Structures are given as C-alpha cells and as structure tokens.
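File shown here: input.csv, holding CSV, C-alpha atoms.
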```csv
chain,number,residue,atom,x,y,z
J,26,MET,CA,-16.4,11.0,4.7
J,27,GLU,CA,-17.8,7.9,6.5
J,28,PHE,CA,-16.2,4.7,5.4
J,29,ILE,CA,-18.6,2.5,7.5
J,30,PRO,CA,-22.2,3.0,8.4
J,31,LYS,CA,-22.7,5.4,11.4
J,32,LYS,CA,-24.5,2.8,13.4
J,33,ILE,CA,-21.6,0.4,13.1
J,34,ASP,CA,-19.1,3.2,13.8
J,35,ALA,CA,-21.0,4.1,17.0
J,36,TYR,CA,-21.0,0.4,18.1
J,37,VAL,CA,-17.3,0.1,17.5
J,38,VAL,CA,-16.6,3.2,19.5
J,39,GLN,CA,-18.9,2.1,22.3
J,40,HIS,CA,-17.2,-1.2,22.7
J,41,SER,CA,-13.6,0.0,22.5
J,42,GLU,CA,-11.3,1.3,25.2
J,43,LYS,CA,-12.4,4.7,26.6
J,44,GLU,CA,-10.5,7.9,26.4
J,45,PRO,CA,-8.3,8.6,29.5
J,46,GLU,CA,-9.2,11.7,31.6
J,47,LEU,CA,-6.1,13.8,30.6
J,48,LEU,CA,-6.8,13.2,26.9
J,49,GLN,CA,-10.4,14.1,27.4
J,50,GLN,CA,-9.2,17.4,28.9
J,51,LEU,CA,-6.8,18.0,26.0
J,52,ASN,CA,-9.5,17.1,23.5
J,53,LYS,CA,-11.9,19.6,25.1
J,54,GLU,CA,-9.3,22.4,25.3
J,55,THR,CA,-8.2,21.9,21.7
J,56,TRP,CA,-11.7,22.4,20.5
J,57,GLN,CA,-12.2,25.4,22.7
J,58,LYS,CA,-8.9,27.2,22.2
J,59,ILE,CA,-7.1,26.1,19.0
J,60,MET,CA,-7.7,26.6,15.3
J,61,ASN,CA,-8.6,23.7,13.1
J,62,PRO,CA,-9.5,21.3,15.9
J,63,ARG,CA,-10.5,18.6,13.4
J,64,MET,CA,-6.8,17.9,13.0
J,65,LEU,CA,-7.0,16.2,16.4
J,66,SER,CA,-6.5,12.4,16.2
J,67,GLY,CA,-9.6,11.9,18.4
J,68,ALA,CA,-10.6,9.3,21.0
J,69,TYR,CA,-11.1,6.2,18.9
J,70,GLN,CA,-8.0,6.6,16.7
J,71,GLY,CA,-6.1,7.7,19.8
J,72,ARG,CA,-6.9,4.4,21.4
J,73,LEU,CA,-5.8,2.5,18.3
J,74,LEU,CA,-2.5,4.4,18.3
J,75,ALA,CA,-2.0,3.6,22.0
J,76,MET,CA,-2.8,-0.1,21.4
J,77,ILE,CA,-0.3,-0.4,18.6
J,78,SER,CA,2.4,1.3,20.7
J,79,LYS,CA,1.7,-1.1,23.6
J,80,LEU,CA,1.9,-4.1,21.3
J,81,ILE,CA,5.3,-2.9,20.0
J,82,ASN,CA,6.6,-1.6,23.3
J,83,PRO,CA,9.0,0.8,21.5
J,84,LYS,CA,12.2,2.3,23.0
J,85,ASN,CA,12.3,5.2,20.6
J,86,ILE,CA,9.3,6.9,18.9
J,87,LEU,CA,9.3,9.6,16.3
J,88,GLU,CA,6.3,11.7,15.5
J,89,ILE,CA,6.1,14.0,12.6
J,90,GLY,CA,3.4,16.5,13.2
J,91,THR,CA,2.6,17.3,16.9
J,92,TYR,CA,-0.4,19.7,16.7
J,93,THR,CA,-1.7,19.8,20.3
J,94,GLY,CA,0.1,16.6,21.4
J,95,TYR,CA,-2.8,14.2,21.6
J,96,SER,CA,-1.4,11.5,19.4
J,97,ALA,CA,2.0,11.8,21.1
J,98,LEU,CA,0.5,11.1,24.5
J,99,CYS,CA,-1.3,8.1,23.0
J,100,LEU,CA,1.8,6.7,21.5
J,101,ALA,CA,3.7,7.3,24.8
J,102,GLU,CA,1.5,4.8,26.5
J,103,GLY,CA,3.5,1.9,25.1
J,104,ILE,CA,7.0,3.4,25.5
J,105,GLN,CA,9.7,1.6,27.5
J,106,THR,CA,10.6,3.1,30.9
J,107,ASN,CA,14.0,4.1,29.5
J,108,GLY,CA,12.7,5.2,26.1
J,109,LYS,CA,11.8,8.5,24.6
J,110,LEU,CA,9.5,10.1,22.1
J,111,ILE,CA,10.6,12.9,19.8
J,112,THR,CA,7.8,15.0,18.2
J,113,ILE,CA,8.4,17.6,15.5
J,114,ASP,CA,6.1,20.5,14.5
J,115,LYS,CA,6.7,23.8,12.7
J,116,ASN,CA,4.1,25.7,14.7
J,117,GLU,CA,6.0,27.3,17.6
J,118,GLU,CA,2.8,29.0,18.8
J,119,LEU,CA,1.5,25.6,20.1
J,120,GLU,CA,4.7,24.6,21.9
J,121,ASP,CA,3.7,25.9,25.3
J,122,PHE,CA,0.2,24.6,25.1
J,123,VAL,CA,1.5,21.1,24.3
J,124,ARG,CA,4.2,21.2,27.0
J,125,VAL,CA,1.5,21.8,29.7
J,126,PHE,CA,-0.2,18.6,28.8
J,127,PHE,CA,3.0,16.6,28.3
J,128,ASP,CA,4.1,17.6,31.8
J,129,LYS,CA,0.7,16.6,33.3
J,130,SER,CA,1.3,13.1,32.0
J,131,GLU,CA,3.4,10.3,33.5
J,132,TYR,CA,5.6,10.4,30.5
J,133,GLY,CA,6.5,14.1,30.6
J,134,SER,CA,10.3,13.6,31.1
J,135,GLN,CA,10.4,11.2,28.1
J,136,LEU,CA,8.6,13.6,25.6
J,137,GLN,CA,10.9,15.9,23.6
J,138,GLN,CA,9.5,18.6,21.4
J,139,LYS,CA,11.4,20.0,18.4
J,140,ILE,CA,10.1,23.0,16.5
J,141,GLY,CA,11.0,23.5,12.9
J,142,ASN,CA,11.0,21.9,9.5
J,143,ALA,CA,11.0,18.1,9.9
J,144,VAL,CA,12.8,17.7,6.6
J,145,GLU,CA,15.7,19.5,8.1
J,146,ILE,CA,15.5,18.1,11.6
J,147,ILE,CA,15.1,14.4,10.8
J,148,PRO,CA,18.6,14.0,9.3
J,149,SER,CA,20.2,15.4,12.5
J,150,LEU,CA,18.5,12.7,14.7
J,151,GLU,CA,21.0,10.0,15.8
J,152,ASP,CA,18.5,7.6,17.2
J,153,LYS,CA,17.1,4.4,15.6
J,154,PHE,CA,13.3,4.2,15.9
J,155,ASP,CA,10.9,1.3,16.7
J,156,LEU,CA,7.8,3.4,15.9
J,157,VAL,CA,7.2,6.4,13.7
J,158,PHE,CA,3.9,8.3,13.2
J,159,ILE,CA,3.6,10.6,10.1
J,160,ASP,CA,0.8,13.1,10.4
J,161,ALA,CA,2.0,16.4,8.9
J,162,ASP,CA,1.9,18.1,5.5
J,163,LYS,CA,0.9,15.6,2.9
J,164,SER,CA,3.2,17.0,0.2
J,165,ASN,CA,6.2,15.8,2.2
J,166,TYR,CA,5.0,12.3,3.1
J,167,VAL,CA,7.3,10.7,0.5
J,168,ASN,CA,10.2,12.8,1.7
J,169,TYR,CA,9.5,11.9,5.3
J,170,PHE,CA,9.5,8.2,4.5
J,171,ASN,CA,12.8,8.4,2.6
J,172,LEU,CA,14.4,10.3,5.5
J,173,ILE,CA,13.3,7.8,8.2
J,174,ILE,CA,13.5,4.4,6.5
J,175,ASN,CA,17.2,4.0,7.2
J,176,LYS,CA,16.6,5.2,10.8
J,177,MET,CA,14.2,2.4,11.6
J,178,ASN,CA,15.0,-0.8,13.5
J,179,THR,CA,14.2,-4.1,11.8
J,180,GLY,CA,10.6,-4.9,12.7
J,181,GLY,CA,9.9,-1.3,13.4
J,182,VAL,CA,6.5,0.2,12.4
J,183,ILE,CA,5.7,3.4,10.4
J,184,LEU,CA,2.1,4.7,10.9
J,185,SER,CA,0.8,7.2,8.3
J,186,ASP,CA,-2.4,9.1,8.8
J,187,ASN,CA,-4.9,10.6,6.3
J,188,VAL,CA,-3.9,8.2,3.6
J,189,LEU,CA,-7.5,8.0,2.2
J,190,TRP,CA,-7.9,11.7,2.2
J,191,SER,CA,-11.7,11.7,2.5
J,192,GLY,CA,-11.9,9.2,-0.3
J,193,LYS,CA,-10.2,11.4,-2.8
J,194,VAL,CA,-7.5,8.9,-3.5
J,195,ALA,CA,-10.1,6.7,-5.2
J,196,GLU,CA,-11.6,9.5,-7.3
J,197,GLU,CA,-10.5,11.2,-10.5
J,198,LEU,CA,-7.5,13.4,-9.6
J,199,LYS,CA,-8.1,17.2,-10.1
J,200,ALA,CA,-5.3,19.1,-11.7
J,201,LYS,CA,-4.8,21.5,-8.8
J,202,ASP,CA,-5.2,18.9,-6.0
J,203,LYS,CA,-1.6,18.7,-4.9
J,204,ASP,CA,-2.3,16.9,-1.6
J,205,THR,CA,-4.2,14.0,-3.2
J,206,LYS,CA,-1.5,13.7,-5.8
J,207,ALA,CA,1.1,13.5,-3.1
J,208,LEU,CA,-0.9,10.8,-1.2
J,209,LEU,CA,-1.4,8.8,-4.3
J,210,GLU,CA,2.4,8.8,-4.8
J,211,TYR,CA,3.0,7.9,-1.2
J,212,ASN,CA,0.5,5.0,-1.1
J,213,LYS,CA,2.0,3.6,-4.3
J,214,LEU,CA,5.5,3.9,-2.8
J,215,LEU,CA,4.5,2.0,0.4
J,216,ALA,CA,2.8,-0.7,-1.7
J,217,GLU,CA,5.8,-1.3,-3.9
J,218,ASP,CA,8.8,-0.6,-1.6
J,219,LYS,CA,10.4,-4.0,-0.7
J,220,ARG,CA,11.8,-2.6,2.5
J,221,VAL,CA,8.3,-2.6,4.1
J,222,GLU,CA,5.1,-4.6,4.2
J,223,THR,CA,2.0,-2.4,4.3
J,224,ILE,CA,-1.6,-2.5,5.1
J,225,ILE,CA,-4.2,0.3,5.0
J,226,LEU,CA,-6.9,0.4,7.6
J,227,PRO,CA,-10.1,2.2,6.3
J,228,ILE,CA,-10.8,3.9,9.6
J,229,ARG,CA,-11.4,7.6,10.1
J,230,ASP,CA,-9.4,9.2,7.3
J,231,GLY,CA,-7.3,6.1,6.6
J,232,LEU,CA,-4.3,4.8,8.6
J,233,THR,CA,-1.4,2.9,7.1
J,234,ILE,CA,0.7,0.4,9.0
J,235,SER,CA,4.0,-0.4,7.4
J,236,ARG,CA,6.4,-2.9,9.0
J,237,VAL,CA,10.1,-2.6,8.3
J,238,LEU,CA,11.7,-5.8,7.0
```

Encoded form using structure tokens:
Amino acid sequence: MEFIPKKIDAYVVQHSEKEPELLQQLNKETWQKIMNPRMLSGAYQGRLLAMISKLINPKNILEIGTYTGYSALCLAEGIQTNGKLITIDKNEELEDFVRVFFDKSEYGSQLQQKIGNAVEIIPSLEDKFDLVFIDADKSNYVNYFNLIINKMNTGGVILSDNVLWSGKVAEELKAKDKDTKALLEYNKLLAEDKRVETIILPIRDGLTISRVL
C-alpha cells in the first residue's frame, strides 16, 4: 500500500542518502536466492535506520528478526567502536548467508547472531540496550516490548516495523486476522504506556519510534 503519491515517494528516495555497495549486493542476492524477499527493509528504510542509529550512537543494539541481515548492517553504522549488536532469528537456514555479509562489513566482529525463539532468548540477555529494532512475528510484538522495556537505558529508542500493516490497522478488523489484531493491541500499548513517548512514521509499512523515559 502506498501512503504517499508515487511521484513524491520517488523524489524522496532520489534526494536521500544512497544505498552502500555492500547493502546493494545483499539486496540483490536476497532477491535472487531467498524466499519472501519483500521482507527486506530496503534501501530507503535502511538509510533511515542507519541515520537514527548514527544520531543515537548506541553502545548496545538488539534486533528481533534478522532475516538476511540488511537492517542489522544499517543499524550497525551508528554503533560505538566498543559496542555490539545482537540479532535474533528463528530461521537457522539463513544463519550462514547472513554471516557472510556480516563478515564483509567493517562491523563483523561486533555483530552477534542468536538462533532461536526470541521470547526465550531475550530474558537471558544481561546487557542494557540503547537501541532496539522489532521486526519479527507480529503476534509477539507486545511480548517483545514487555521483555525489553526493563532492559532499556533511559533515553533509549525502540523501533517497531510494519505497524501500519498495509493500512489494515485503520480498516474494519476481520475475525481471523490475528496479525492486524496483534498490531492494534501493540500500537495502543505504545500510545498509552507512560514509560515511553511514541510517534508513528507513515513510511513504507509504518515505523514506530518509541523513546524510553
């Protein structure tokens, strides 16, 4: 679903930062070799993630939902030299594909992959985080938030992807649409939870920025 006219979208992309060469390669190979390539963050959103990370300059980053590692590499662009990024995904079949691109980047040694159920892995993490990116199964967004909120540093930022869900969040809810229902609950939680201040950006499929108070 297009939230702004195509001509405006094209102009915005044309006049924004360009996709780095390594990410161009990852983008291309994802579309050539991996199922469901539309799950990729993409060049424009990737530049936005990189910009936010650079503004925050986080020491520790957590990503929930790795896919092929595109967004992780974008987020890593703002990381401190002594920092690290932990990314969690349940799909072990993509682990080696992702690692190849991680190791090609200048941040390779700072990027840690964890394979498994994020709901089980997150409680075991001892770090406090400055930046978190949630981009995994929508049914667990509320659970992810509840698991990470007490692991955030004050002033830390939680980014949540796909929060507009192709505009379905503004339409009549269908009885069997579990993902939209979950996102409606999640968006309501973020809007009402006094521990964060939140704004939704209507770009691509919707991106929420929540700052921890």

Surrounding residues of range 85-100 of chain J excluding itself and chain neighbours under 4 positions, 7 Å, only C-alpha atoms, as a list of chain:residue names: J:Leu48, J:Thr55, J:Leu65, J:Ser66, J:Gly71, J:Arg72, J:Leu74, J:Ala75, J:Ser78, J:Gly108, J:Lys109, J:Leu110, J:Ile111, J:Thr112, J:Ile113, J:Asp114, J:Leu119, J:Val123, J:Ala143, J:Lys153, J:Phe154, J:Asp155, J:Leu156, J:Val157, J:Phe158, J:Ile159, J:Asp160, J:Ala161

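Between Val37 in chain J and the candidates J:Ile147, J:Leu51, J:Ile174, J:Ala68, the tightest atom-to-atom separation, counting only C-alpha atoms, involves J:Ala68.
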
Using all atoms listed in the file, pick whichever of J:Glu222, J:Asp152, J:Glu117, J:Glu44 has the shortest atom-to-atom distance to Lys176 in chain J. J:Asp152

May I have the residues within 9 Å of Trp190 in chain J as an MDAnalysis selection string, using all atoms listed in the file and disregarding those fewer than 4 positions away in the same chain? chainID J and resid 26 186 194 204:205 208 230:231

Hey, which of J:Phe127, J:Tyr132, J:Phe122, J:Tyr169 ends up closest to Ile59 in chain J? Count only C-alpha atoms.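 Distance minimum relative to Ile59 in chain J lands on J:Phe122.
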
Can you work out the spacing between CA of Asn165 in chain J and CA of Glu217 in chain J in Å, to one decimal?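 We find that CA of Asn165 in chain J and CA of Glu217 in chain J lie 18.2 Å from each other.
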
Which distance in Å separates CA of Gln137 in chain J and CA of Val188 in chain J, to one decimal?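 Distance reported for this atom pair: 26.0 Å.
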
Nearest residue to Arg220 in chain J out of J:Lys53, J:Arg124, J:Arg236, J:Lys206, using all atoms listed in the file?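 The shortest atom-to-atom distance to Arg220 in chain J comes from J:Arg236.
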
Residue nearest Ser191 in chain J - candidates J:Ile228, J:Thr233, J:Pro83, J:Lys115, atoms counted: all atoms listed in the file: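 Distance minimum relative to Ser191 in chain J lands on J:Ile228.
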
Applying 12 Å and only C-alpha atoms, which residues near Asn171 in chain J remain after dropping the ones on its own chain fewer than 2 positions away? List them as a list in words.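 That gives Val144, Ile147, Pro148, Asn165, Tyr166, Val167, Asn168, Tyr169, Ile173, Ile174, Asn175, Lys176, Met177, Ile183, Tyr211, Leu214, Leu215, Asp218, Arg220 and Val221 of chain J.
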
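In this model, the gap between CA of Ile104 in chain J and CA of Lys43 in chain J comes to 19.5 Å.
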
When distances are computed from all atoms listed in the file, which of J:Leu232, J:Leu238, J:Asn52, J:Leu172 shows the smallest separation from Gln70 in chain J? J:Leu232

Because some atoms of range 142-173 of chain J are absent here, can you restore N, CA and C atoms and send them as a short mmCIF file (atom, residue, chain, number, x, y, z; two decimals), in the coordinates of the input?
```cif
data_model
loop_
_atom_site.label_atom_id
_atom_site.label_comp_id
_atom_site.auth_asym_id
_atom_site.auth_seq_id
_atom_site.Cartn_x
_atom_site.Cartn_y
_atom_site.Cartn_z
N ASN J 142 11.32 22.69 10.69
CA ASN J 142 11.00 21.90 9.50
C ASN J 142 11.52 20.49 9.67
N ALA J 143 10.60 19.53 9.64
CA ALA J 143 11.00 18.10 9.90
C ALA J 143 11.96 17.61 8.84
N VAL J 144 11.86 18.09 7.61
CA VAL J 144 12.80 17.70 6.60
C VAL J 144 14.22 18.02 6.93
N GLU J 145 14.39 19.11 7.65
CA GLU J 145 15.70 19.50 8.10
C GLU J 145 16.13 18.89 9.40
N ILE J 146 15.16 18.64 10.27
CA ILE J 146 15.50 18.10 11.60
C ILE J 146 15.76 16.61 11.58
N ILE J 147 15.00 15.85 10.82
CA ILE J 147 15.10 14.40 10.80
C ILE J 147 16.58 13.92 10.55
N PRO J 148 17.26 14.48 9.54
CA PRO J 148 18.60 14.00 9.30
C PRO J 148 19.60 14.21 10.45
N SER J 149 19.27 15.13 11.35
CA SER J 149 20.20 15.40 12.50
C SER J 149 19.92 14.44 13.65
N LEU J 150 18.87 13.64 13.59
CA LEU J 150 18.50 12.70 14.70
C LEU J 150 19.46 11.50 14.60
N GLU J 151 20.06 11.14 15.73
CA GLU J 151 21.00 10.00 15.80
C GLU J 151 20.36 8.72 16.20
N ASP J 152 19.14 8.78 16.69
CA ASP J 152 18.50 7.60 17.20
C ASP J 152 17.99 6.66 16.10
N LYS J 153 17.82 5.38 16.46
CA LYS J 153 17.10 4.40 15.60
C LYS J 153 15.73 4.24 16.25
N PHE J 154 14.71 4.14 15.41
CA PHE J 154 13.30 4.20 15.90
C PHE J 154 12.62 2.83 15.73
N ASP J 155 11.76 2.54 16.70
CA ASP J 155 10.90 1.30 16.70
C ASP J 155 9.51 1.68 16.16
N LEU J 156 9.13 2.95 16.30
CA LEU J 156 7.80 3.40 15.90
C LEU J 156 7.85 4.82 15.43
N VAL J 157 7.24 5.07 14.26
CA VAL J 157 7.20 6.40 13.70
C VAL J 157 5.72 6.70 13.31
N PHE J 158 5.24 7.89 13.61
CA PHE J 158 3.90 8.30 13.20
C PHE J 158 4.02 9.55 12.35
N ILE J 159 3.56 9.44 11.09
CA ILE J 159 3.60 10.60 10.10
C ILE J 159 2.20 11.17 10.04
N ASP J 160 2.07 12.42 10.45
CA ASP J 160 0.80 13.10 10.40
C ASP J 160 1.02 14.59 10.25
N ALA J 161 1.63 14.95 9.13
CA ALA J 161 2.00 16.40 8.90
C ALA J 161 1.55 16.74 7.47
N ASP J 162 2.26 17.67 6.85
CA ASP J 162 1.90 18.10 5.50
C ASP J 162 2.03 16.98 4.51
N LYS J 163 0.96 16.76 3.77
CA LYS J 163 0.90 15.60 2.90
C LYS J 163 1.90 15.65 1.76
N SER J 164 2.24 16.85 1.33
CA SER J 164 3.20 17.00 0.20
C SER J 164 4.55 16.46 0.52
N ASN J 165 4.86 16.29 1.80
CA ASN J 165 6.20 15.80 2.20
C ASN J 165 6.19 14.36 2.68
N TYR J 166 5.08 13.64 2.57
CA TYR J 166 5.00 12.30 3.10
C TYR J 166 6.12 11.40 2.46
N VAL J 167 6.30 11.50 1.15
CA VAL J 167 7.30 10.70 0.50
C VAL J 167 8.71 11.08 1.02
N ASN J 168 8.94 12.37 1.20
CA ASN J 168 10.20 12.80 1.70
C ASN J 168 10.45 12.31 3.16
N TYR J 169 9.41 12.35 3.97
CA TYR J 169 9.50 11.90 5.30
C TYR J 169 9.90 10.37 5.36
N PHE J 170 9.22 9.61 4.52
CA PHE J 170 9.50 8.20 4.50
C PHE J 170 10.96 7.93 4.06
N ASN J 171 11.41 8.62 3.05
CA ASN J 171 12.80 8.40 2.60
C ASN J 171 13.82 8.85 3.63
N LEU J 172 13.46 9.81 4.47
CA LEU J 172 14.40 10.30 5.50
C LEU J 172 14.42 9.33 6.71
N ILE J 173 13.32 8.66 6.99
CA ILE J 173 13.30 7.80 8.20
C ILE J 173 13.53 6.36 7.97
#
```
